[in-house]
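Source file: input-v4.txt (compact mmCIF, C-alpha atoms)
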```txt
# COMPACT_ATOMS: atom_id res chain seq x y z
CA MET A 1 -15.17 3.34 7.25
CA ILE A 2 -14.63 0.86 4.39
CA GLY A 3 -17.09 -1.62 5.88
CA GLY A 4 -19.68 1.10 6.38
CA SER A 5 -19.17 2.35 2.82
CA LEU A 6 -19.63 -1.18 1.48
CA GLY A 7 -22.79 -1.50 3.55
CA LEU A 8 -24.16 1.78 2.22
CA ALA A 9 -23.31 0.80 -1.36
CA LEU A 10 -25.19 -2.48 -0.89
CA THR A 11 -28.23 -1.06 0.85
CA GLU A 12 -28.62 2.09 -1.28
CA ARG A 13 -28.45 0.06 -4.49
CA ARG A 14 -30.56 -2.76 -3.00
CA LEU A 15 -27.93 -5.33 -3.91
CA ALA A 16 -28.64 -7.58 -0.92
CA ALA A 17 -31.81 -8.77 0.76
CA GLU A 18 -30.18 -8.10 4.13
CA VAL A 19 -26.88 -6.64 5.27
CA VAL A 20 -25.91 -7.68 8.81
CA GLY A 21 -23.23 -5.82 10.77
CA VAL A 22 -20.81 -7.33 13.28
CA ASP A 23 -18.54 -5.05 15.31
CA PRO A 24 -17.06 -5.22 18.83
CA ASN A 25 -17.64 -1.48 19.14
CA ARG A 26 -21.32 -1.23 20.00
CA ASP A 27 -21.51 2.53 19.39
CA ASN A 28 -20.03 2.09 15.92
CA LEU A 29 -22.49 -0.73 15.23
CA ASN A 30 -25.51 1.26 16.43
CA LEU A 31 -24.45 4.17 14.23
CA ALA A 32 -24.17 1.81 11.25
CA VAL A 33 -27.78 0.73 11.81
CA THR A 34 -28.95 4.33 12.20
CA MET A 35 -27.15 5.40 9.02
CA GLY A 36 -28.57 2.50 7.06
CA ALA A 37 -25.17 0.94 6.40
CA VAL A 38 -26.57 -2.33 7.81
CA HIS A 39 -30.11 -3.52 8.29
CA ARG A 40 -29.39 -5.03 11.71
CA ALA A 41 -26.63 -5.89 14.13
CA ALA A 42 -25.65 -9.42 15.18
CA SER A 43 -22.83 -11.63 16.42
CA LEU A 44 -20.77 -13.89 14.16
CA VAL A 45 -22.66 -16.97 15.33
CA GLU A 46 -25.96 -15.26 14.50
CA ALA A 47 -24.92 -13.72 11.19
CA LEU A 48 -22.82 -16.36 9.45
CA PRO A 49 -24.91 -19.52 9.05
CA ALA A 50 -26.43 -19.53 5.56
CA ALA A 51 -24.83 -16.15 4.68
CA ASP A 52 -24.18 -15.72 0.96
CA LEU A 53 -21.28 -13.29 1.42
CA PHE A 54 -19.02 -12.60 4.41
CA ILE A 55 -16.93 -9.40 4.12
CA LEU A 56 -13.99 -9.00 6.50
CA ALA A 57 -13.73 -5.20 6.78
CA THR A 58 -11.15 -5.32 9.56
CA PRO A 59 -7.63 -3.96 10.11
CA VAL A 60 -4.98 -6.16 8.44
CA GLY A 61 -3.55 -7.19 11.81
CA VAL A 62 -6.74 -8.90 13.00
CA THR A 63 -8.26 -10.24 9.77
CA LEU A 64 -6.88 -13.77 10.15
CA GLY A 65 -7.94 -13.90 13.79
CA VAL A 66 -11.51 -12.92 12.92
CA LEU A 67 -11.55 -15.47 10.10
CA GLU A 68 -10.43 -18.19 12.51
CA MET A 69 -13.24 -17.20 14.88
CA ALA A 70 -15.72 -17.44 12.03
CA VAL A 71 -14.74 -20.88 10.72
CA PRO A 72 -17.02 -22.95 13.03
CA PHE A 73 -20.09 -20.99 11.88
CA LEU A 74 -19.49 -21.07 8.13
CA THR A 75 -21.72 -23.11 5.85
CA PRO A 76 -21.06 -24.46 2.32
CA GLY A 77 -21.73 -21.95 -0.43
CA THR A 78 -20.60 -18.88 1.52
CA ILE A 79 -18.19 -16.57 -0.33
CA ILE A 80 -15.66 -14.75 1.86
CA THR A 81 -13.72 -11.65 0.89
CA ASP A 82 -11.80 -8.92 2.71
CA VAL A 83 -10.80 -5.30 2.06
CA GLY A 84 -7.22 -5.28 3.37
CA SER A 85 -4.26 -3.81 1.49
CA VAL A 86 -1.94 -6.82 2.08
CA LYS A 87 -2.84 -10.16 0.58
CA GLY A 88 -0.04 -12.77 0.46
CA ARG A 89 -0.19 -14.35 3.91
CA LEU A 90 -3.96 -13.92 4.20
CA VAL A 91 -4.79 -15.67 0.92
CA GLU A 92 -2.40 -18.54 1.72
CA ARG A 93 -3.74 -19.11 5.24
CA ALA A 94 -7.40 -18.65 4.31
CA GLU A 95 -7.30 -21.39 1.70
CA LYS A 96 -5.88 -23.85 4.23
CA MET A 97 -8.28 -23.15 7.10
CA LEU A 98 -11.65 -22.98 5.36
CA PRO A 99 -14.07 -25.93 5.23
CA ALA A 100 -15.07 -27.52 1.92
CA GLY A 101 -17.58 -25.53 -0.09
CA VAL A 102 -16.59 -22.16 1.41
CA HIS A 103 -14.77 -19.89 -1.04
CA PHE A 104 -12.25 -17.16 -0.17
CA ILE A 105 -11.37 -14.42 -2.68
CA GLY A 106 -9.20 -11.58 -1.43
CA GLY A 107 -10.44 -8.07 -2.14
CA HIS A 108 -8.99 -4.56 -1.98
CA PRO A 109 -11.00 -1.51 -3.09
CA MET A 110 -8.57 1.15 -4.31
CA ALA A 111 -10.51 3.88 -2.57
CA GLY A 112 -10.45 5.35 0.90
CA LEU A 113 -10.38 8.35 3.16
CA GLU A 114 -8.14 9.36 6.05
CA VAL A 115 -11.06 9.13 8.48
CA SER A 116 -11.88 6.12 10.67
CA GLY A 117 -15.15 4.58 11.74
CA VAL A 118 -18.53 4.21 10.12
CA ALA A 119 -19.25 7.92 10.65
CA GLY A 120 -17.00 8.64 7.66
CA ALA A 121 -18.65 6.06 5.40
CA ARG A 122 -19.91 7.03 1.93
CA GLY A 123 -22.11 4.97 -0.34
CA ASP A 124 -20.41 6.36 -3.45
CA LEU A 125 -16.85 5.72 -2.23
CA PHE A 126 -16.19 2.99 -4.79
CA GLN A 127 -17.78 4.72 -7.78
CA GLY A 128 -15.28 4.59 -10.63
CA ALA A 129 -12.57 3.00 -8.47
CA SER A 130 -10.53 -0.08 -9.28
CA TYR A 131 -11.41 -2.99 -7.00
CA ILE A 132 -8.67 -5.63 -6.86
CA LEU A 133 -9.61 -9.30 -6.41
CA THR A 134 -6.96 -11.89 -5.54
CA PRO A 135 -8.43 -15.41 -5.78
CA THR A 136 -6.59 -18.36 -4.24
CA LYS A 137 -4.88 -20.99 -6.42
CA ASN A 138 -7.91 -23.27 -6.16
CA PHE A 139 -10.55 -20.58 -6.55
CA ASP A 140 -14.13 -21.33 -7.55
CA PRO A 141 -14.91 -19.67 -10.94
CA VAL A 142 -18.59 -19.24 -10.11
CA ALA A 143 -17.77 -17.51 -6.80
CA LEU A 144 -15.30 -15.19 -8.57
CA GLN A 145 -17.86 -14.22 -11.20
CA LYS A 146 -20.47 -13.49 -8.52
CA LEU A 147 -18.04 -11.22 -6.68
CA LYS A 148 -17.00 -9.44 -9.88
CA ARG A 149 -20.64 -8.79 -10.71
CA LEU A 150 -21.27 -7.36 -7.26
CA VAL A 151 -18.23 -5.09 -7.54
CA LYS A 152 -19.54 -3.75 -10.85
CA GLU A 153 -23.00 -3.18 -9.37
CA MET A 154 -21.41 -1.05 -6.65
CA GLY A 155 -19.92 1.15 -9.39
CA ALA A 156 -16.35 -0.12 -9.19
CA HIS A 157 -14.18 -1.93 -11.73
CA PRO A 158 -12.88 -5.41 -10.79
CA VAL A 159 -9.21 -6.15 -11.49
CA GLU A 160 -7.89 -9.66 -10.97
CA LEU A 161 -4.31 -9.98 -9.65
CA ALA A 162 -2.16 -12.61 -7.98
CA ALA A 163 -1.68 -11.91 -4.27
CA GLU A 164 2.08 -11.34 -4.57
CA GLN A 165 1.65 -8.98 -7.51
CA HIS A 166 -0.99 -7.05 -5.57
CA ASP A 167 1.31 -6.63 -2.57
CA ARG A 168 4.18 -5.41 -4.76
CA LEU A 169 2.03 -2.87 -6.59
CA VAL A 170 0.29 -1.40 -3.55
CA ALA A 171 3.62 -1.10 -1.73
CA MET A 172 4.59 1.43 -4.40
CA ILE A 173 1.34 3.36 -4.90
CA SER A 174 -0.22 3.16 -1.43
CA HIS A 175 2.14 2.05 1.32
CA LEU A 176 5.18 4.07 0.25
CA PRO A 177 3.15 7.30 -0.17
CA HIS A 178 1.78 6.94 3.35
CA LEU A 179 5.25 6.36 4.77
CA LEU A 180 6.55 9.42 2.92
CA ALA A 181 3.64 11.62 3.99
CA ALA A 182 4.18 10.70 7.63
CA THR A 183 7.94 11.27 7.34
CA LEU A 184 7.42 14.69 5.74
CA VAL A 185 5.09 15.77 8.54
CA ASN A 186 7.54 14.55 11.18
CA THR A 187 10.44 16.31 9.45
CA VAL A 188 8.64 19.64 9.62
CA ALA A 189 7.37 18.98 13.15
CA ALA A 190 10.93 18.35 14.35
CA GLU A 191 12.07 21.83 13.31
CA PRO A 192 12.46 24.45 16.11
CA SER A 193 10.08 26.75 14.25
CA SER A 194 7.52 24.00 13.58
CA ASP A 195 4.56 26.04 14.87
CA MET A 196 5.25 28.80 12.36
CA LEU A 197 5.97 26.31 9.57
CA LEU A 198 2.69 24.48 10.08
CA GLN A 199 0.80 27.76 10.31
CA LEU A 200 2.24 28.83 6.96
CA ALA A 201 1.71 25.43 5.29
CA ALA A 202 -0.47 25.86 2.21
CA GLY A 203 -2.14 23.57 -0.31
CA GLY A 204 0.97 21.79 -1.52
CA PHE A 205 2.00 20.61 1.94
CA ARG A 206 -1.57 19.79 2.97
CA ASP A 207 -2.32 17.82 -0.21
CA THR A 208 0.96 15.91 -0.01
CA THR A 209 0.47 14.96 3.64
CA ARG A 210 -3.32 14.39 3.80
CA ILE A 211 -3.00 10.62 4.19
CA ALA A 212 -0.71 11.01 7.21
CA ALA A 213 -3.87 11.72 9.24
CA ALA A 214 -5.03 8.09 8.92
CA ASN A 215 -5.17 5.62 11.82
CA ALA A 216 -1.64 4.87 13.07
CA ASN A 217 -2.33 1.36 14.39
CA MET A 218 -3.91 0.31 11.11
CA TRP A 219 -0.90 1.56 9.14
CA ARG A 220 1.54 -0.07 11.55
CA ASP A 221 -0.05 -3.42 10.69
CA ILE A 222 -0.03 -2.72 6.95
CA LEU A 223 3.62 -1.63 6.81
CA LEU A 224 4.84 -4.55 8.92
CA THR A 225 2.68 -7.18 7.23
CA ASN A 226 3.93 -6.10 3.79
CA ARG A 227 7.41 -5.47 5.16
CA ASP A 228 9.53 -6.95 2.33
CA MET A 229 7.67 -5.14 -0.45
CA VAL A 230 7.60 -1.85 1.48
CA LEU A 231 11.36 -1.99 2.07
CA LYS A 232 11.96 -2.60 -1.64
CA ALA A 233 9.84 0.45 -2.42
CA VAL A 234 11.75 2.53 0.13
CA ARG A 235 15.05 1.53 -1.46
CA GLN A 236 13.78 2.50 -4.91
CA PHE A 237 12.61 5.86 -3.58
CA ARG A 238 15.96 6.43 -1.89
CA ARG A 239 17.73 5.96 -5.23
CA GLN A 240 15.44 8.50 -6.88
CA LEU A 241 15.94 10.97 -4.03
CA ALA A 242 19.72 10.50 -4.23
CA GLU A 243 19.63 11.35 -7.94
CA MET A 244 17.88 14.62 -7.22
CA GLU A 245 20.13 15.36 -4.24
CA LEU A 246 23.22 14.86 -6.40
CA ALA A 247 21.91 17.22 -9.08
CA ILE A 248 21.27 19.94 -6.51
CA ASN A 249 24.60 19.38 -4.77
CA ASN A 250 26.50 19.65 -8.08
CA PHE A 251 24.43 22.63 -9.25
CA ASP A 252 23.65 20.49 -12.29
CA GLN A 253 20.77 22.42 -13.84
CA THR A 254 20.40 20.03 -16.78
CA ALA A 255 20.11 16.92 -14.62
CA LEU A 256 17.74 18.64 -12.20
CA VAL A 257 15.43 19.81 -14.99
CA ALA A 258 15.50 16.32 -16.51
CA VAL A 259 14.40 14.73 -13.22
CA LEU A 260 11.66 17.29 -12.63
CA GLU A 261 10.44 17.17 -16.23
CA ARG A 262 10.28 13.37 -16.16
CA ALA A 263 8.11 13.55 -13.05
CA ARG A 264 5.95 16.28 -14.55
CA GLU A 265 5.26 14.30 -17.72
CA VAL A 266 4.28 11.18 -15.80
CA ARG A 267 2.04 13.14 -13.43
CA MET A 268 0.39 15.00 -16.31
CA SER A 269 -0.42 11.67 -17.95
CA LEU A 270 -2.55 10.63 -14.98
CA ALA A 271 -6.25 11.22 -15.51
CA GLU A 272 -7.79 13.45 -12.88
CA ASN A 273 -10.85 11.22 -12.76
CA ARG A 274 -10.53 7.62 -11.69
CA THR A 275 -9.38 5.19 -14.35
CA TYR A 276 -9.17 1.44 -14.23
CA LEU A 277 -7.21 -1.47 -15.63
CA ASN A 278 -8.71 -3.86 -18.11
CA GLU A 279 -10.23 -6.93 -16.53
CA ARG A 280 -8.58 -10.28 -16.95
```

Starting from the file, give its structure as structure tokens.
Amino acid sequence: MIGGSLGLALTERRLAAEVVGVDPNRDNLNLAVTMGAVHRAASLVEALPAADLFILATPVGVTLGVLEMAVPFLTPGTIITDVGSVKGRLVERAEKMLPAGVHFIGGHPMAGLEVSGVAGARGDLFQGASYILTPTKNFDPVALQKLKRLVKEMGAHPVELAAEQHDRLVAMISHLPHLLAATLVNTVAAEPSSDMLLQLAAGGFRDTTRIAAANANMWRDILLTNRDMVLKAVRQFRRQLAEMELAINNFDQTALVAVLERAREVRMSLAENRTYLNER
């Protein structure tokens, strides 16, 4: 879905002379061609030589494996980026394995949907979204500027972060929410009257748990790859939940209102439309 959306953003805005799609799923690839997300389909060996940009739009668990497969076909001058939501290990390994003249800059568009596959792709998915870039320690400034310019031309806002900082931040605002949404759904589903509960579930429950419908294997890889940061986020959430539990248990109206009001004020401060951080 992310790869298809990137392809649509590139083709609809005519930002590339040619967008070539590579995918082991032939049906997905044929659909990408039909939709106009890519101009043509090819294999890695056919697509990579002399490519200006190589985007790894793969699940986190296979990104390094695909990059290793690609190394023999890379040529100097190619810029490589990815779209995964975990960066530390990938950025470190990529810098070590790539040949001279090939530049890797990690990428993570802060946009997405709970659907999978190119059928759910949208050319405007990144419009107004923050797009995080995590260059390696020995990054090429020219390559970084080219990628930033492309991100802007797709309608997104580039934000430069260190890989470790990225992983810590997304553990809180992306990985933890998914874990909580899945846990909430499973909590309700485990109740004896789950059928009735789910039938009665209205907007609040549906909005809170929307992301739990995303691909389970993809999220398994994300949560395990960013394991340390996710566990820190879980521990922080547990402390917040314990504070609210204590207030309810003690019938402490003042403390309970304080917790709820604090959350309300923070949530009200969030803009409903997408906002972005200042570039570095």

Practice problem: With a distance cut-off of 12 Å and only C-alpha atoms, select the neighbouring residues of Val66 (chain A), excluding the residue or stretch itself and same-chain residues fewer than 3 positions from it, and output the selection as a PyMOL selection string. | Solution: chain A and resi 22-24+43-44+54-63+69-73+80+82+90+94

Skip Ala156 (chain A) itself and residues of its chain fewer than 6 positions away, then list as a PDB file with C-alpha atoms, in the frame of the given file all residues within 6 Å of it, counting only C-alpha atoms.
```pdb
ATOM      1  CA  PHE A 126     -16.190   2.990  -4.790  1.00  0.00           C
ATOM      2  CA  GLN A 127     -17.780   4.720  -7.780  1.00  0.00           C
ATOM      3  CA  GLY A 128     -15.280   4.590 -10.630  1.00  0.00           C
ATOM      4  CA  ALA A 129     -12.570   3.000  -8.470  1.00  0.00           C
ATOM      5  CA  SER A 130     -10.530  -0.080  -9.280  1.00  0.00           C
TER       6      SER A 130
END
```

Report as a tab-separated table the residues of region 38-118 of chain A within 9 Å of region 223-247 of chain A, each with its shortest atom pair and distance in Å (one decimal), using all atoms listed in the file, ordered by chain and increasing residue number.
```
residue	atom	partner	partner_atom	distance
A:Val60	CA	A:Thr225	CA	7.8
A:Gly61	CA	A:Thr225	CA	7.7
A:Ser85	CA	A:Asn226	CA	8.8
A:Val86	CA	A:Asn226	CA	6.2
A:Lys87	CA	A:Asn226	CA	8.5
A:Gly88	CA	A:Asn226	CA	8.4
A:Arg89	CA	A:Thr225	CA	8.4
```

Quiz item: Got a sec: who's within 6 Å of region 101-104 of chain A, counting all atoms listed in the file, leaving out chain neighbours fewer than 4 positions off, as a PyMOL selection string?
Solution: chain A and resi 76-81

What does the file look like for those residues with C-alpha atoms, as a PDB file, in the coordinates of the input?
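Result file is out_34.pdb:
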```pdb
ATOM      1  CA  PRO A  76     -21.060 -24.460   2.320  1.00  0.00           C
ATOM      2  CA  GLY A  77     -21.730 -21.950  -0.430  1.00  0.00           C
ATOM      3  CA  THR A  78     -20.600 -18.880   1.520  1.00  0.00           C
ATOM      4  CA  ILE A  79     -18.190 -16.570  -0.330  1.00  0.00           C
ATOM      5  CA  ILE A  80     -15.660 -14.750   1.860  1.00  0.00           C
ATOM      6  CA  THR A  81     -13.720 -11.650   0.890  1.00  0.00           C
TER       7      THR A  81
END
```

Quiz item: Within 9 Å of Thr75 (chain A), counting all atoms listed in the file, which residues qualify if same-chain residues fewer than 5 places away don't, as a PyMOL selection string?
Solution: chain A and resi 48-51+99-102

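If you measure from each of A:Ala271, A:Ala214, A:Asn250, A:Ser5 to Ala121 (chain A) using all atoms listed in the file, the closest one turns out to be A:Ser5.
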
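Nearest residue to Ala171 (chain A), choosing from A:Arg13, A:Asn249, A:Ile222, A:Leu113 and counting all atoms listed in the file: A:Ile222.
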
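Going from CA of Ala258 (chain A) to CA of Leu184 (chain A) covers 23.7 Å.
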
Exercise. For CA of Arg220 (chain A) and CA of Glu68 (chain A), determine how far apart the two atoms are, in Å to one decimal place.
Key: 21.7 Å

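In this model, the gap between CA of Leu53 (chain A) and CA of Asn25 (chain A) comes to 21.6 Å.
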
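Of the listed residues A:Leu8, A:Val142, A:Ile132, A:Leu147, the one whose atoms come nearest to Leu161 (chain A) is A:Ile132, with distances taken using all atoms listed in the file.
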
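Of the residues listed (A:Val259, A:Ala190, A:Val115, A:Leu150), A:Val115 shows the shortest atom-to-atom separation from Ala213 (chain A); distances use only C-alpha atoms.
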
Self-check item: Exercise: Asp27 (chain A) partners within 12 Å, all atoms listed in the file, chain neighbours under 4 positions left out, as a PyMOL selection string
Solution: chain A and resi 22-23+31-34+41+117-119

Store the residues picked out above in a file with C-alpha atoms, as a short mmCIF file (atom, residue, chain, number, x, y, z; two decimals), keeping the file's coordinate frame.
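Wrote it out as again.cif, contents follow:
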```cif
data_model
loop_
_atom_site.label_atom_id
_atom_site.label_comp_id
_atom_site.auth_asym_id
_atom_site.auth_seq_id
_atom_site.Cartn_x
_atom_site.Cartn_y
_atom_site.Cartn_z
CA VAL A 22 -20.81 -7.33 13.28
CA ASP A 23 -18.54 -5.05 15.31
CA LEU A 31 -24.45 4.17 14.23
CA ALA A 32 -24.17 1.81 11.25
CA VAL A 33 -27.78 0.73 11.81
CA THR A 34 -28.95 4.33 12.20
CA ALA A 41 -26.63 -5.89 14.13
CA GLY A 117 -15.15 4.58 11.74
CA VAL A 118 -18.53 4.21 10.12
CA ALA A 119 -19.25 7.92 10.65
#
```

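Using all atoms listed in the file, the smallest distance between any of A:Val91, A:Ala201, A:Leu15, A:Ser116 and Asn217 (chain A) comes from A:Ser116.
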
Specify the axis-aligned box that encloses all atoms of region 104-111 of chain A listed in the file after padding of 5 Å on each side, stating its centre and edge lengths in Å to one decimal as lines of an AutoDock Vina configuration file.
```
center_x = -10.4
center_y = -6.6
center_z = -2.2
size_x = 13.7
size_y = 31.0
size_z = 14.1
```

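The nearest approach to Pro141 (chain A) among the residues A:Gly123, A:Arg262, A:Ala16, A:Ile105, with all atoms listed in the file taken into account, belongs to A:Ile105.
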
Considering all atoms listed in the file, tabulate each residue of region 156-254 of chain A that lies at most 10 Å from region 106-109 of chain A along with its nearest interatomic pair and the corresponding distance in Å to one decimal; arrange the rows by chain and ascending residue number and present them as JSON lines.
```
{"residue": "A:Ala156", "atom": "CA", "partner": "A:Pro109", "partner_atom": "CA", "distance": 8.2}
{"residue": "A:His157", "atom": "CA", "partner": "A:Pro109", "partner_atom": "CA", "distance": 9.2}
{"residue": "A:Pro158", "atom": "CA", "partner": "A:Pro109", "partner_atom": "CA", "distance": 8.8}
{"residue": "A:Val159", "atom": "CA", "partner": "A:Gly107", "partner_atom": "CA", "distance": 9.6}
{"residue": "A:Glu160", "atom": "CA", "partner": "A:Gly107", "partner_atom": "CA", "distance": 9.3}
{"residue": "A:Leu161", "atom": "CA", "partner": "A:Gly106", "partner_atom": "CA", "distance": 9.7}
{"residue": "A:Ala162", "atom": "CA", "partner": "A:Gly106", "partner_atom": "CA", "distance": 9.7}
{"residue": "A:Ala163", "atom": "CA", "partner": "A:Gly106", "partner_atom": "CA", "distance": 8.0}
{"residue": "A:His166", "atom": "CA", "partner": "A:His108", "partner_atom": "CA", "distance": 9.1}
{"residue": "A:Val170", "atom": "CA", "partner": "A:His108", "partner_atom": "CA", "distance": 9.9}
```
